[in-house]
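J.: target_8.cif is the file, holding mmCIF, C-alpha atoms and all ligand atoms:
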data_input
loop_
_atom_site.label_atom_id
_atom_site.label_comp_id
_atom_site.auth_asym_id
_atom_site.auth_seq_id
_atom_site.Cartn_x
_atom_site.Cartn_y
_atom_site.Cartn_z
CA MET A 1 170.16 134.25 102.84
CA THR A 2 169.31 131.02 101.02
CA THR A 3 166.86 128.53 102.37
CA GLU A 4 167.59 124.83 101.99
CA PRO A 5 164.80 123.08 100.04
CA GLN A 6 162.64 121.07 102.39
CA THR A 7 163.10 117.29 102.12
CA PRO A 8 159.64 115.88 101.45
CA SER A 9 158.38 113.91 104.42
CA ILE A 10 155.42 112.46 102.51
CA ARG A 11 155.78 110.82 99.11
CA LEU A 12 152.81 110.19 96.84
CA VAL A 13 152.75 108.04 93.73
CA ALA A 14 150.28 109.05 91.04
CA ILE A 15 148.94 106.56 88.50
CA SER A 16 146.94 107.36 85.39
CA GLY A 17 144.43 104.85 84.06
CA SER A 18 145.28 105.97 80.52
CA ILE A 19 148.57 105.46 78.70
CA ARG A 20 147.47 107.64 75.78
CA ARG A 21 150.12 110.30 75.07
CA ALA A 22 147.62 113.18 75.23
CA SER A 23 145.64 111.64 78.10
CA HIS A 24 143.42 114.06 80.03
CA CYS A 25 143.85 111.95 83.15
CA THR A 26 147.63 112.13 82.96
CA ALA A 27 147.29 115.90 82.40
CA VAL A 28 145.28 116.12 85.63
CA LEU A 29 148.04 114.28 87.52
CA ARG A 30 150.70 116.53 85.96
CA SER A 31 148.82 119.53 87.37
CA LEU A 32 148.95 118.38 90.99
CA PRO A 33 152.41 119.47 92.30
CA PRO A 34 151.43 123.14 92.88
CA LEU A 35 148.43 121.92 94.91
CA LEU A 36 150.46 119.82 97.33
CA PRO A 37 150.92 120.95 100.93
CA PRO A 38 154.52 121.75 102.01
CA GLY A 39 156.68 118.70 102.59
CA VAL A 40 154.71 116.52 100.15
CA ALA A 41 156.18 115.22 96.87
CA LEU A 42 154.39 113.45 94.02
CA GLU A 43 155.77 111.27 91.27
CA ILE A 44 153.82 109.85 88.32
CA PHE A 45 154.35 106.15 87.64
CA PRO A 46 153.53 105.36 83.98
CA LEU A 47 151.85 102.02 83.23
CA ASP A 48 153.07 101.79 79.60
CA GLU A 49 155.51 98.94 80.20
CA VAL A 50 153.40 96.85 82.59
CA PRO A 51 152.52 93.56 80.80
CA LEU A 52 149.23 91.73 81.09
CA TYR A 53 148.88 89.89 84.37
CA ASN A 54 150.11 86.34 84.17
CA ALA A 55 150.35 84.25 87.33
CA ASP A 56 153.12 82.20 85.68
CA LEU A 57 155.33 85.33 85.78
CA ASP A 58 154.18 86.43 89.22
CA GLY A 59 156.86 85.22 91.60
CA ASP A 60 160.07 86.44 93.17
CA MET A 61 161.32 87.73 89.78
CA PRO A 62 158.34 89.43 88.10
CA PRO A 63 158.74 91.46 84.87
CA ALA A 64 160.88 94.58 85.49
CA ALA A 65 158.02 97.07 85.09
CA VAL A 66 155.96 95.11 87.61
CA ALA A 67 158.81 95.05 90.13
CA GLN A 68 159.18 98.83 89.66
CA LEU A 69 155.44 99.39 90.09
CA LYS A 70 155.32 97.34 93.29
CA SER A 71 158.42 99.00 94.68
CA ALA A 72 157.05 102.50 93.87
CA ILE A 73 153.79 101.67 95.65
CA ALA A 74 155.58 100.05 98.61
CA SER A 75 157.77 103.09 99.20
CA ALA A 76 154.95 105.62 98.76
CA ASP A 77 152.96 106.95 101.70
CA GLY A 78 149.85 107.21 99.55
CA LEU A 79 148.51 106.90 96.03
CA VAL A 80 146.62 109.27 93.76
CA LEU A 81 144.75 107.72 90.84
CA CYS A 82 143.13 109.46 87.91
CA SER A 83 141.36 107.25 85.42
CA PRO A 84 139.01 107.44 82.48
CA GLU A 85 135.93 105.23 82.26
CA TYR A 86 135.81 102.65 79.49
CA ASN A 87 132.44 101.12 78.64
CA TYR A 88 130.98 102.11 82.01
CA GLY A 89 133.88 100.59 83.90
CA ILE A 90 137.53 100.50 84.95
CA PRO A 91 140.01 100.55 82.03
CA GLY A 92 141.94 97.29 81.62
CA VAL A 93 145.27 99.13 81.94
CA LEU A 94 144.47 100.24 85.49
CA LYS A 95 142.77 97.03 86.59
CA ASN A 96 145.78 95.09 85.31
CA ALA A 97 148.15 97.25 87.38
CA ILE A 98 146.00 96.81 90.49
CA ASP A 99 145.98 93.04 89.89
CA TRP A 100 149.80 92.88 89.68
CA ALA A 101 150.23 95.17 92.69
CA SER A 102 147.71 93.18 94.74
CA ARG A 103 149.90 90.09 95.08
CA PRO A 104 150.60 88.38 97.42
CA GLY A 105 146.90 88.54 98.25
CA PHE A 106 146.06 90.53 101.41
CA ALA A 107 149.80 91.14 102.07
CA SER A 108 150.71 93.23 99.01
CA PRO A 109 152.19 96.74 98.75
CA LEU A 110 148.60 97.99 98.43
CA LYS A 111 147.57 96.73 101.86
CA GLY A 112 146.74 99.66 104.14
CA LYS A 113 147.78 102.23 101.49
CA PRO A 114 145.66 105.40 101.49
CA VAL A 115 144.38 106.19 97.99
CA LEU A 116 142.73 109.29 96.55
CA ILE A 117 140.64 108.20 93.56
CA MET A 118 139.77 110.59 90.74
CA THR A 119 138.08 109.95 87.42
CA ALA A 120 137.68 112.23 84.43
CA SER A 121 135.65 112.07 81.25
CA PRO A 122 134.76 114.30 78.32
CA GLY A 123 131.17 113.21 79.06
CA THR A 124 128.75 114.41 81.71
CA ALA A 125 129.19 111.70 84.35
CA GLY A 126 132.91 112.24 84.95
CA GLY A 127 133.60 108.50 85.04
CA VAL A 128 131.68 107.77 88.27
CA ARG A 129 130.87 104.22 87.18
CA ALA A 130 134.57 103.44 86.74
CA GLN A 131 135.24 105.10 90.07
CA ALA A 132 132.92 102.70 91.89
CA GLN A 133 134.74 99.74 90.32
CA ILE A 134 138.18 101.16 91.18
CA ARG A 135 137.07 101.58 94.80
CA ASP A 136 135.80 98.00 94.87
CA ALA A 137 139.00 96.57 93.37
CA LEU A 138 141.10 98.51 95.89
CA ALA A 139 138.91 97.29 98.74
CA ALA A 140 139.69 93.73 97.63
CA THR A 141 143.41 94.48 98.10
CA LEU A 142 142.89 95.94 101.61
CA ALA A 143 144.01 99.35 100.40
CA ARG A 144 142.34 102.37 102.03
CA PRO A 145 140.47 104.35 99.37
CA LEU A 146 139.58 107.71 100.93
CA VAL A 147 135.96 108.02 101.98
CA ARG A 148 134.99 111.47 100.70
CA GLN A 149 133.03 113.25 98.01
CA HIS A 150 133.77 111.80 94.58
CA ILE A 151 136.26 113.66 92.42
CA ALA A 152 134.61 112.86 89.09
CA ILE A 153 135.58 115.51 86.55
CA ALA A 154 132.97 115.91 83.83
CA GLY A 155 133.68 117.77 80.57
CA ILE A 156 137.40 117.29 81.10
CA ALA A 157 138.47 118.34 77.58
CA ALA A 158 137.35 121.93 78.17
CA ARG A 159 139.22 122.12 81.48
CA ILE A 160 142.65 121.21 80.05
CA GLN A 161 144.98 123.60 78.26
CA GLU A 162 148.47 122.74 77.02
CA GLY A 163 148.55 119.49 78.98
CA ARG A 164 147.49 121.03 82.30
CA LEU A 165 144.23 121.27 84.22
CA VAL A 166 143.37 124.97 84.27
CA ASP A 167 139.86 125.05 85.73
CA GLU A 168 140.17 126.83 89.09
CA SER A 169 137.13 125.25 90.78
CA THR A 170 138.27 121.73 89.83
CA LEU A 171 141.80 122.50 91.01
CA GLY A 172 140.38 123.74 94.32
CA PHE A 173 138.24 120.64 94.78
CA ILE A 174 141.23 118.38 94.05
CA ALA A 175 143.45 120.39 96.43
CA THR A 176 140.98 119.63 99.24
CA GLY A 177 141.11 115.94 98.33
CA LEU A 178 144.91 116.00 98.47
CA LEU A 179 144.82 117.66 101.89
CA GLU A 180 142.48 114.96 103.13
CA LEU A 181 144.82 112.28 101.75
CA VAL A 182 147.79 113.84 103.56
CA ASP A 183 145.74 114.12 106.78
CA GLU A 184 144.86 110.43 106.50
CA ILE A 185 148.54 109.50 105.94
CA ARG A 186 149.60 111.57 108.99
CA TRP A 187 146.81 110.10 111.12
CA LEU A 188 147.84 106.55 110.15
CA ALA A 189 151.51 107.33 110.94
CA MET A 190 150.54 108.75 114.33
CA ARG A 191 148.37 105.73 115.08
CA SER A 192 151.14 103.27 114.16
CA GLY A 193 153.58 105.29 116.31
CA GLU A 194 151.16 104.99 119.23
CA ALA A 195 150.91 101.24 118.70
CA SER A 196 154.68 100.61 118.67
C1 LIG A 201 135.54 105.64 76.20
N1 LIG A 201 135.04 106.81 76.77
C2 LIG A 201 134.06 106.75 77.72
N2 LIG A 201 133.72 107.84 78.48
C3 LIG A 201 132.78 107.74 79.46
O1 LIG A 201 132.52 108.72 80.15
N3 LIG A 201 132.16 106.55 79.70
C4 LIG A 201 132.43 105.43 79.00
O2 LIG A 201 131.86 104.39 79.27
C5 LIG A 201 133.41 105.51 77.97
N4 LIG A 201 133.77 104.40 77.27
C6 LIG A 201 134.88 104.42 76.46
C7 LIG A 201 135.38 103.25 75.93
C8 LIG A 201 136.54 103.26 75.19
C9 LIG A 201 137.10 101.96 74.68
C10 LIG A 201 137.19 104.47 74.93
C11 LIG A 201 138.48 104.49 74.12
C12 LIG A 201 136.70 105.64 75.40
C13 LIG A 201 135.65 108.11 76.43
C14 LIG A 201 136.83 108.40 77.35
O3 LIG A 201 136.34 108.91 78.56
C15 LIG A 201 137.76 109.40 76.70
O4 LIG A 201 138.33 108.80 75.54
C16 LIG A 201 138.83 109.91 77.64
O5 LIG A 201 139.42 111.06 77.11
C17 LIG A 201 139.90 108.89 77.90
O6 LIG A 201 140.75 109.35 78.93
P1 LIG A 201 142.20 109.97 78.62
O7 LIG A 201 142.92 109.02 77.72
O8 LIG A 201 141.96 111.30 77.94
O9 LIG A 201 142.81 110.11 79.98
#
Translate this file's structure into structure tokens.

T.:
Amino acid sequence: MTTEPQTPSIRLVAISGSIRRASHCTAVLRSLPPLLPPGVALEIFPLDEVPLYNADLDGDMPPAAVAQLKSAIASADGLVLCSPEYNYGIPGVLKNAIDWASRPGFASPLKGKPVLIMTASPGTAGGVRAQAQIRDALAATLARPLVRQHIAIAGIAARIQEGRLVDESTLGFIATGLLELVDEIRWLAMRSGEAS
């Protein structure tokens, strides 16, 4: 007997704050599918083609990569971010994407979107300073960054092998974060169903 594959009922979009080919953060995101609960799918949206924010280009016909980014976020039930820290803060690549996605202000695809934030660093602090800034920037967009223990992965280089996160305790900690994200998405869906 064959079983039909389950159509995912929850779709997550994952965004890396690094566009480096061998990025540790992108490797972390690539390692997530086996950790997802049943019925949840995850797709990585690469930021390589997203241009620098320019309000002159920010209208009904934005650059193609921006339109794709906004549409991916709009159709996702939740977001998963993994970012490095640059000079104690949020990398420009990620901040730029949040800026594009945040328009129109307070009514953008980010509004009300649950977000699991992760940071990773070869250093000892795991990018916590960047994480605080990412949370702040998302709060400005009215997104819903998950309130939970930080996922700040220190010593990331030693936890990656062949482009995948292989450290069991980190994978376990992230799996719990993903479950909490899915719970939040389901709770929001139930609440909006109650309201309608
Ligand atoms: C860094 N790096 C870094 N790391 C950190 O923990 N705190 C920091 O403030 C900085 N600052 C910083 C600035 C710049 C310009 C670069 C290029 C790098 C190191 C950084 O965490 C490391 O390069 C990561 O591996 C980058 O993430 P990806 O590309 O591997 O995902």

J.: Work out how far apart atom CA of A:Gly126 and atom O7 of ligand LIG 201 (chain A) are and give it in Å to one decimal.

T.: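 Those two atoms sit 12.8 Å apart.
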
J.: Residues within 10 Å of ligand LIG 201 (chain A) (all atoms listed in the file), as a VMD selection string?

T.: chain A and resid 16 to 28 82 to 92 119 to 130 153 to 157

J.: Find the residues near A:Ser169: any atom within 12 Å, counting all atoms listed in the file, skip ones fewer than 6 places away on the same chain, and give them as a list of chain:residue names.

T.: A:Ile151, A:Ile153, A:Arg159, A:Ala175, A:Thr176

J.: Enter the distance from atom CA of A:Val50 to atom CA of A:Leu110, in Å, rounded to one decimal.

T.: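 For atom CA of A:Val50 relative to atom CA of A:Leu110, the distance reads 16.6 Å.
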
J.: Could you check how far atom CA of A:Arg135 sits from atom CA of A:Arg30, in Å to one decimal?

T.: 22.1 Å

J.: Compile the contact shell of A:Ala14 as a PyMOL selection string: residues with an atom at most 7 Å away, counting all atoms listed in the file, same-chain residues fewer than 2 positions apart removed.

T.: chain A and resi 12+16+29+42-45+79-81

J.: So which one's closest to A:Ser9, A:Ala152, A:Asp167, A:Asp77, A:Ala65? Using all atoms listed in the file, please.

T.: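 Under the stated criterion, the closest residue is A:Asp77.
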
J.: Mind checking which residues fall within 9 Å of A:Ala143, counting all atoms listed in the file, ignoring those fewer than 3 positions away in the same chain, and posting them as a ChimeraX atom specification?

T.: /A:109-115,138-140

J.: Kindly indicate which residue among A:Ser75, A:Thr170, A:Ser192, A:Ser31 lies nearest to A:Ile10, using only C-alpha atoms for the distances.

T.: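 Ranking A:Ser75, A:Thr170, A:Ser192, A:Ser31 by distance to A:Ile10, first place goes to A:Ser75.
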
J.: Would you please work out which residue, of A:Gln149, A:Gln133, A:Asn54, A:Gln161, is nearest to A:Leu94 when using all atoms listed in the file?

T.: A:Gln133

J.: Tell me which residues come within 10 Å of (147.4, 96.0, 88.8), as a PyMOL selection string, counting all atoms listed in the file in the file's coordinates.

T.: chain A and resi 47+50-53+66+69-70+92-103+110+137-138

J.: Using only C-alpha atoms, which residues sit within 6 Å of A:Pro8 once same-chain residues fewer than 2 positions away are excluded, as a ChimeraX atom specification?

T.: /A:10,39-41

J.: Between A:Ile134, A:Leu32, A:Met61, A:Arg11, single out the one closest to A:Gly172, counting all atoms listed in the file.

T.: A:Leu32

J.: Calculated over only C-alpha atoms, which of the candidates A:Leu36, A:Leu142, A:Leu57, A:Leu188 has the smallest distance to A:Gly105?

T.: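 Closest to A:Gly105, using only C-alpha atoms: A:Leu142.
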
J.: Considering all atoms listed in the file, state which residue in the set A:Pro38, A:Gly59, A:Gly193, A:Gly177 is at the smallest distance from A:Pro104.

T.: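 Closest to A:Pro104 of all the choices is A:Gly59.
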